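**Q** Pasting model.tsv below, which is TSV, C-alpha atoms.
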chain	number	residue	atom	x	y	z
B	19	MET	CA	0.00	0.00	0.00
B	20	MET	CA	1.26	3.44	-0.83
B	21	GLY	CA	-0.20	6.68	0.49
B	22	THR	CA	-0.37	9.97	-1.31
B	23	ILE	CA	0.29	13.25	0.44
B	24	THR	CA	0.50	16.77	-0.89
B	25	VAL	CA	3.10	19.04	0.64
B	26	VAL	CA	4.22	22.57	-0.08
B	27	ILE	CA	7.97	23.27	-0.10
B	28	SER	CA	10.03	26.28	-1.05
B	29	ASP	CA	11.26	26.73	-4.62
B	30	GLU	CA	14.80	26.64	-3.31
B	31	LEU	CA	14.33	23.24	-1.68
B	32	GLU	CA	12.61	21.85	-4.75
B	33	ARG	CA	15.49	23.02	-6.95
B	34	GLU	CA	18.01	21.41	-4.61
B	35	ILE	CA	16.11	18.11	-4.55
B	36	ARG	CA	15.75	17.99	-8.32
B	37	ARG	CA	19.41	18.92	-8.78
B	38	LEU	CA	20.41	16.14	-6.39
B	39	ILE	CA	18.31	13.53	-8.19
B	40	SER	CA	19.59	14.66	-11.57
B	41	ARG	CA	23.22	14.70	-10.44
B	42	GLU	CA	22.97	11.17	-9.10
B	43	GLY	CA	21.48	9.94	-12.37
B	44	LYS	CA	18.28	8.83	-10.66
B	45	ALA	CA	15.89	11.08	-12.58
B	46	LYS	CA	13.43	8.28	-13.27
B	47	LYS	CA	9.75	8.04	-12.48
B	48	GLY	CA	9.24	7.81	-8.72
B	49	ALA	CA	12.70	9.14	-7.86
B	50	LEU	CA	11.29	12.09	-5.97
B	51	SER	CA	8.94	9.89	-3.94
B	52	ARG	CA	11.77	7.53	-3.06
B	53	LEU	CA	13.97	10.41	-1.94
B	54	VAL	CA	11.20	11.94	0.18
B	55	GLU	CA	10.44	8.56	1.76
B	56	SER	CA	14.10	8.00	2.53
B	57	ALA	CA	14.45	11.49	4.02
B	58	LEU	CA	11.35	11.08	6.18
B	59	TRP	CA	12.56	7.74	7.51
B	60	ALA	CA	15.92	9.32	8.35
B	61	TYR	CA	14.07	12.07	10.20
B	62	ILE	CA	11.94	9.58	12.13
B	63	ARG	CA	15.03	7.57	13.08
B	64	SER	CA	16.79	10.69	14.32
B	65	ARG	CA	13.76	11.66	16.42
B	66	LYS	CA	13.46	8.17	17.89
B	67	ALA	CA	17.14	8.22	18.78
B	68	GLN	CA	16.45	11.34	20.81
B	69	GLU	CA	13.64	9.80	22.80
B	70	ARG	CA	15.09	8.95	26.14
B	71	VAL	CA	13.62	7.13	29.10
B	72	PHE	CA	14.99	7.30	32.63
B	73	ARG	CA	14.38	4.34	34.92
B	74	ALA	CA	14.85	4.05	38.67
B	75	ILE	CA	15.89	0.58	39.74
B	76	LYS	CA	15.70	-0.79	43.25
B	77	ASP	CA	16.53	-4.35	44.24
B	78	GLY	CA	16.70	-5.25	40.58
B	79	LYS	CA	13.19	-3.96	39.84
B	80	VAL	CA	12.11	-0.87	37.93
B	81	VAL	CA	10.25	1.24	40.49
B	82	ALA	CA	9.72	4.35	38.36
B	83	GLU	CA	10.09	5.39	34.77
B	84	ALA	CA	9.84	8.78	33.05
B	85	ARG	CA	11.00	10.76	30.06
B	86	SER	CA	12.68	13.41	32.21
B	87	LEU	CA	14.53	13.47	35.50
B	88	TYR	CA	12.00	15.95	36.90
B	89	ASP	CA	9.12	13.57	36.17
B	90	LEU	CA	11.15	10.71	37.60
B	91	ALA	CA	11.75	12.73	40.78
B	92	ASP	CA	7.99	13.36	41.04
B	93	ARG	CA	7.18	9.67	40.64
B	94	LEU	CA	9.71	8.64	43.26
B	95	ARG	CA	8.33	11.26	45.64
B	96	GLU	CA	4.76	10.04	45.04
B	97	ALA	CA	5.89	6.47	45.70
B	98	GLY	CA	7.72	7.55	48.85
B	99	ILE	CA	11.04	6.26	47.54
B	100	ASP	CA	14.27	8.03	48.48
B	101	PRO	CA	16.17	8.91	45.25
B	102	ARG	CA	19.37	7.99	47.08
B	103	SER	CA	18.22	4.38	47.27
B	104	VAL	CA	17.72	3.79	43.55
B	105	ARG	CA	20.05	3.31	40.65
B	106	ILE	CA	19.09	5.49	37.71
B	107	VAL	CA	19.70	4.32	34.18
B	108	SER	CA	18.77	5.79	30.86
B	109	SER	CA	17.72	4.23	27.62
B	110	PRO	CA	19.56	4.60	25.33
B	111	PRO	CA	22.53	4.39	27.70
B	112	PRO	CA	25.59	6.62	27.38
B	113	LYS	CA	28.78	5.15	25.97
B	114	PRO	CA	30.63	3.31	28.77
B	115	ARG	CA	33.97	4.66	27.56
B	116	ARG	CA	34.03	8.20	26.29
B	117	ARG	CA	36.78	10.28	24.78
B	118	LEU	CA	37.75	13.63	26.17
B	119	GLY	CA	38.79	16.48	23.92
B	120	LEU	CA	42.15	18.15	23.75
B	121	ARG	CA	40.87	20.68	26.25
B	122	CYS	CA	41.38	18.18	29.06
B	123	GLY	CA	44.58	16.66	27.75
B	124	ARG	CA	46.54	18.05	30.63
B	125	VAL	CA	44.63	16.25	33.40
O	19	MET	CA	30.14	33.52	24.34
O	20	ILE	CA	33.77	33.75	23.30
O	21	ALA	CA	36.34	34.74	25.87
O	22	ASP	CA	40.06	34.62	25.25
O	23	SER	CA	39.33	32.66	22.02
O	24	THR	CA	37.55	29.94	23.99
O	25	LEU	CA	33.89	29.05	23.53
O	26	PHE	CA	31.69	28.99	26.61
O	27	LEU	CA	28.06	28.23	27.36
O	28	ARG	CA	26.26	29.93	30.24
O	29	VAL	CA	24.62	27.18	32.24
O	30	VAL	CA	22.85	26.40	35.48
O	31	LEU	CA	23.25	22.82	36.68
O	32	GLU	CA	20.42	21.12	38.52
O	33	ASN	CA	19.91	17.89	40.39
O	34	PRO	CA	16.15	17.34	40.02
O	35	LEU	CA	16.18	14.31	42.30
O	36	LEU	CA	17.46	16.17	45.34
O	37	GLY	CA	16.42	19.70	44.40
O	38	GLU	CA	19.91	21.18	44.21
O	39	ARG	CA	21.26	23.77	41.83
O	40	TYR	CA	24.72	25.07	40.90
O	41	PRO	CA	25.53	27.84	41.28
O	42	ARG	CA	23.07	28.79	44.01
O	43	GLU	CA	22.50	32.13	42.26
O	44	GLY	CA	23.15	33.26	38.71
O	45	ASP	CA	24.88	31.00	36.23
O	46	VAL	CA	28.29	29.59	35.44
O	47	LEU	CA	30.41	29.19	32.33
O	48	ALA	CA	31.02	25.76	30.81
O	49	VAL	CA	33.82	25.33	28.29
O	50	LEU	CA	32.64	23.88	25.00
O	51	ASP	CA	34.71	20.87	24.03
O	52	THR	CA	33.56	19.30	20.77
O	53	GLY	CA	36.02	16.45	21.25
O	54	TYR	CA	34.38	15.33	24.50
O	55	GLU	CA	31.90	12.53	23.82
O	56	GLY	CA	29.96	12.97	27.05
O	57	PHE	CA	27.40	15.41	28.46
O	58	LEU	CA	29.10	17.39	31.22
O	59	ALA	CA	32.31	16.92	33.17
O	60	VAL	CA	32.57	18.97	36.34
O	61	PRO	CA	35.10	19.49	39.13
O	62	ARG	CA	34.54	17.45	42.28
O	63	GLU	CA	33.33	20.45	44.29
O	64	VAL	CA	30.58	21.13	41.74
O	65	PHE	CA	29.57	17.45	41.79
O	66	ASP	CA	29.41	17.55	45.59
O	67	SER	CA	27.58	20.88	45.64
O	68	LEU	CA	24.84	19.30	43.51
O	69	LYS	CA	24.78	16.37	45.95
O	70	LEU	CA	25.27	14.01	43.03
O	71	GLY	CA	27.62	11.98	45.19
O	72	GLU	CA	24.66	11.16	47.45
O	73	LEU	CA	22.97	9.32	44.61
O	74	ILE	CA	24.07	5.90	43.44
O	75	THR	CA	26.77	6.87	40.97
O	76	GLU	CA	27.90	5.12	37.84
O	77	ARG	CA	31.53	4.41	37.11
O	78	GLY	CA	32.75	5.30	33.67
O	79	GLU	CA	35.96	5.68	31.77
O	80	LEU	CA	37.29	8.63	29.88
O	81	VAL	CA	40.07	8.35	27.37
O	82	LEU	CA	42.36	11.37	27.31
O	83	PRO	CA	44.02	12.56	24.09
O	84	ASN	CA	47.26	10.95	25.28
O	85	LYS	CA	45.38	7.58	25.54
O	86	GLN	CA	45.49	7.69	29.34
O	87	VAL	CA	42.26	6.28	30.81
O	88	VAL	CA	40.72	7.93	33.85
O	89	THR	CA	37.88	6.57	35.95
O	90	THR	CA	34.89	8.84	36.54
O	91	HIS	CA	32.00	8.97	38.96
O	92	ALA	CA	28.79	9.96	37.25
O	93	ALA	CA	25.13	10.65	37.97
O	94	TYR	CA	22.24	12.00	35.93
O	95	ALA	CA	21.47	15.69	36.20
O	96	ALA	CA	20.12	18.59	34.17
O	97	ALA	CA	21.70	21.64	32.60
O	98	ARG	CA	19.80	24.80	31.79
O	99	ILE	CA	21.42	26.46	28.76
O	100	ILE	CA	20.72	30.09	29.47
O	101	ASP	CA	21.31	31.57	26.02
O	102	ALA	CA	19.17	28.91	24.31
O	103	GLY	CA	16.44	28.82	26.96
O	104	VAL	CA	16.55	25.04	26.94
O	105	LEU	CA	16.91	22.35	29.59
O	106	VAL	CA	18.87	19.21	28.75
O	107	GLU	CA	19.49	16.12	30.83
O	108	GLY	CA	22.38	13.72	30.82
O	109	LEU	CA	25.21	12.07	32.66
O	110	VAL	CA	27.33	14.48	34.69
O	111	GLU	CA	30.71	13.09	35.61
O	112	THR	CA	33.71	14.06	37.65
O	113	PHE	CA	37.26	12.88	37.96
O	114	GLU	CA	40.33	13.86	39.87
O	115	GLY	CA	42.23	16.85	38.54
O	116	LEU	CA	39.40	18.44	36.57
O	117	ASP	CA	39.26	22.14	37.35
O	118	GLU	CA	36.60	23.49	34.97
O	119	ILE	CA	33.11	22.63	33.75
O	120	VAL	CA	33.30	21.02	30.33
O	121	ALA	CA	30.29	20.66	28.02
O	122	GLY	CA	30.50	17.89	25.44
O	123	GLN	CA	28.78	16.45	22.41
O	124	ASP	CA	25.72	15.21	24.30
O	125	ILE	CA	24.84	18.79	25.17
O	126	LEU	CA	25.79	20.13	21.76
O	127	SER	CA	23.46	17.65	20.05
O	128	SER	CA	20.53	19.61	21.50
O	129	LEU	CA	21.75	22.95	20.23
O	130	ARG	CA	22.15	24.96	17.09
O	131	LEU	CA	25.37	26.92	17.37
O	132	VAL	CA	26.52	29.63	15.02
O	133	ILE	CA	30.06	30.66	15.82
O	134	ASP	CA	31.33	33.91	14.39
O	135	TYR	CA	34.91	34.44	15.41
O	136	CYS	CA	35.14	37.49	13.13
O	137	ARG	CA	32.66	39.36	15.29
O	138	GLY	CA	33.50	37.44	18.43
O	139	TYR	CA	30.03	36.14	19.02
O	140	VAL	CA	28.14	32.86	19.30
O	141	ASP	CA	24.46	32.42	18.64
O	142	VAL	CA	22.99	29.55	20.66
O	143	ALA	CA	19.51	28.18	20.03
O	144	PRO	CA	17.66	24.93	20.63
O	145	CYS	CA	17.39	22.42	17.77
O	146	ARG	CA	14.39	22.91	15.56
O	147	TYR	CA	13.21	20.16	13.26
O	148	PRO	CA	13.68	19.78	10.43
O	149	LEU	CA	17.23	21.13	10.68
Translate the structure of the given file into structure tokens.
**A**
Amino acid sequence: MMGTITVVISDELEREIRRLISREGKAKKGALSRLVESALWAYIRSRKAQERVFRAIKDGKVVAEARSLYDLADRLREAGIDPRSVRIVSSPPPKPRRRLGLRCGRV
Amino acid sequence: MIADSTLFLRVVLENPLLGERYPREGDVLAVLDTGYEGFLAVPREVFDSLKLGELITERGELVLPNKQVVTTHAAYAAARIIDAGVLVEGLVETFEGLDEIVAGQDILSSLRLVIDYCRGYVDVAPCRYPL
């Protein structure tokens, strides 16, 4: 199944898109639709990557979960749980080993 | 802002879980370090002032440019980016010997920065989609 949507974009963006398709030798029927679909999926992926969830874990169980630390703090307070007693993790997690920039090279 | 050729962000750090803030009044400058893959690295006294050490901290590793590996203590906290009017959350870490607040890629990924060294100014704004 394929849906049809009508969108309005600037002349400048349209020129750039058409130039890109033409330059890559993909100026066939449906090329514009494929490019728009690819771009929208890339956008959705980037948004999903930015969706973060914080979880509070106590005795191996998730006792609270929220999209922000402030909401997590509220939920812990409502549940009467001391924030000091829980381990907080985020999903996606940060890299376990991170590089520092040259700024801190002297440490 | 640019000071002495170095890029800084004006920030207020917050620990939402224990209701602490650093500094207590006003804001503080964080050095922008695009080579730092984390969120925020802070001196021990800042970490303690936010009471992040009272939470269950994570241990992490940072690799210095000279390949030396240092162990960090880290906890989740928030940073209010004053010039962008945005609040971002992430892992704040500390390690021995650090004497300034360093903002890394995890903070920068939420911001649109326009750096104009010619005029000596930086425009900071939150990300808007589509970019």
**Q** Nearest residue to Arg39 (chain O) out of O:Cys145, O:Leu68, O:Val106, O:Val88, using only C-alpha atoms?
**A**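 For Arg39 (chain O), the nearest of the given residues is O:Leu68.
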**Q** Show me, as a PyMOL selection string, every residue of chain O with an atom at most 8 Å from chain B, counting all atoms listed in the file.
**A** chain O and resi 34-36+51-56+72-75+78-84+93-96+107+109+115-116+148
**Q** Restrict the selected residues to C-alpha atoms and save them as an mmCIF file, in the frame of the given file.
**A**
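Okay, result-v5.cif is ready:
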data_model
loop_
_atom_site.group_PDB
_atom_site.id
_atom_site.type_symbol
_atom_site.label_atom_id
_atom_site.label_comp_id
_atom_site.auth_asym_id
_atom_site.auth_seq_id
_atom_site.Cartn_x
_atom_site.Cartn_y
_atom_site.Cartn_z
ATOM 1 C CA PRO O 34 16.150 17.340 40.020
ATOM 2 C CA LEU O 35 16.180 14.310 42.300
ATOM 3 C CA LEU O 36 17.460 16.170 45.340
ATOM 4 C CA ASP O 51 34.710 20.870 24.030
ATOM 5 C CA THR O 52 33.560 19.300 20.770
ATOM 6 C CA GLY O 53 36.020 16.450 21.250
ATOM 7 C CA TYR O 54 34.380 15.330 24.500
ATOM 8 C CA GLU O 55 31.900 12.530 23.820
ATOM 9 C CA GLY O 56 29.960 12.970 27.050
ATOM 10 C CA GLU O 72 24.660 11.160 47.450
ATOM 11 C CA LEU O 73 22.970 9.320 44.610
ATOM 12 C CA ILE O 74 24.070 5.900 43.440
ATOM 13 C CA THR O 75 26.770 6.870 40.970
ATOM 14 C CA GLY O 78 32.750 5.300 33.670
ATOM 15 C CA GLU O 79 35.960 5.680 31.770
ATOM 16 C CA LEU O 80 37.290 8.630 29.880
ATOM 17 C CA VAL O 81 40.070 8.350 27.370
ATOM 18 C CA LEU O 82 42.360 11.370 27.310
ATOM 19 C CA PRO O 83 44.020 12.560 24.090
ATOM 20 C CA ASN O 84 47.260 10.950 25.280
ATOM 21 C CA ALA O 93 25.130 10.650 37.970
ATOM 22 C CA TYR O 94 22.240 12.000 35.930
ATOM 23 C CA ALA O 95 21.470 15.690 36.200
ATOM 24 C CA ALA O 96 20.120 18.590 34.170
ATOM 25 C CA GLU O 107 19.490 16.120 30.830
ATOM 26 C CA LEU O 109 25.210 12.070 32.660
ATOM 27 C CA GLY O 115 42.230 16.850 38.540
ATOM 28 C CA LEU O 116 39.400 18.440 36.570
ATOM 29 C CA PRO O 148 13.680 19.780 10.430
#
**Q** Out of O:Gly108, O:Tyr135, O:Ile99, O:Phe57, which residue has the shortest atom-to-atom distance to Asp22 (chain O) when counting all atoms listed in the file?
**A**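 The closest residue to Asp22 (chain O) is O:Tyr135.
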**Q** Report, in Å with one decimal, the straight-line distance from CA of Arg130 (chain O) to CA of Val30 (chain O).
**A** 18.5 Å
**Q** Report, in Å with one decimal, the straight-line distance from CA of Trp59 (chain B) to CA of Lys46 (chain B).
**A**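 Pair CA of Trp59 (chain B) / CA of Lys46 (chain B) returns 20.8 Å.
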**Q** Skip Leu105 (chain O) itself and residues of its chain fewer than 3 positions away, then list as a PDB file with C-alpha atoms, in the frame of the given file all residues within 10 Å of it, counting only C-alpha atoms.
**A**
ATOM      1  CA  VAL O  29      24.620  27.180  32.240  1.00  0.00           C
ATOM      2  CA  VAL O  30      22.850  26.400  35.480  1.00  0.00           C
ATOM      3  CA  LEU O  31      23.250  22.820  36.680  1.00  0.00           C
ATOM      4  CA  GLU O  32      20.420  21.120  38.520  1.00  0.00           C
ATOM      5  CA  ALA O  96      20.120  18.590  34.170  1.00  0.00           C
ATOM      6  CA  ALA O  97      21.700  21.640  32.600  1.00  0.00           C
ATOM      7  CA  ARG O  98      19.800  24.800  31.790  1.00  0.00           C
ATOM      8  CA  ILE O  99      21.420  26.460  28.760  1.00  0.00           C
ATOM      9  CA  ILE O 100      20.720  30.090  29.470  1.00  0.00           C
ATOM     10  CA  ALA O 102      19.170  28.910  24.310  1.00  0.00           C
ATOM     11  CA  ILE O 125      24.840  18.790  25.170  1.00  0.00           C
ATOM     12  CA  SER O 128      20.530  19.610  21.500  1.00  0.00           C
ATOM     13  CA  PRO O 144      17.660  24.930  20.630  1.00  0.00           C
TER      14      PRO O 144
END
**Q** Mind giving me the straight-line distance from CA of Ser109 (chain B) to CA of Thr90 (chain O) in Å, one decimal?
**A** 19.9 Å
**Q** Which residue, B:Ala57, B:Ile39, B:Ala82, B:Met19, has the smallest gap to Gly98 (chain B) when you use all atoms listed in the file?
**A**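 Smallest distance to Gly98 (chain B) is found for B:Ala82.
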**Q** Do you know which residues are at most 8 Å from Leu50 (chain B) counting all atoms listed in the file, after dropping those on the same chain fewer than 3 positions away, and could you put them as a PyMOL selection string?
**A** chain B and resi 35-36+39+47+53-54
**Q** Give as a list in words each residue that has an atom at most 6 Å from (35.3, 17.9, 37.4) in the file, counting all atoms listed in the file.
**A** Ala59, Val60, Pro61, Arg62, Thr112, Phe113, Leu116 and Asp117 of chain O
**Q** Could you pull the residues within 6 Å of region 42-49 of chain O, counting all atoms listed in the file, minus those fewer than 2 positions along the same chain, as a compact mmCIF listing (two decimals) with C-alpha atoms, in the frame of the given file?
**A**
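Okay, out_19.txt is ready:
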# COMPACT_ATOMS: atom_id res chain seq x y z
CA PHE O 26 31.69 28.99 26.61
CA LEU O 27 28.06 28.23 27.36
CA ARG O 28 26.26 29.93 30.24
CA VAL O 29 24.62 27.18 32.24
CA VAL O 30 22.85 26.40 35.48
CA ARG O 39 21.26 23.77 41.83
CA TYR O 40 24.72 25.07 40.90
CA ILE O 119 33.11 22.63 33.75
CA VAL O 120 33.30 21.02 30.33
CA ALA O 121 30.29 20.66 28.02
**Q** Box for region 62-79 of chain O: with edges along x, y and z, all listed atoms inside and 6 Å added on each side, what are the centre and edge lengths in Å to one decimal, as JSON?
**A**
{"center_x": 29.5, "center_y": 12.8, "center_z": 39.6, "size_x": 25.0, "size_y": 28.7, "size_z": 27.7}
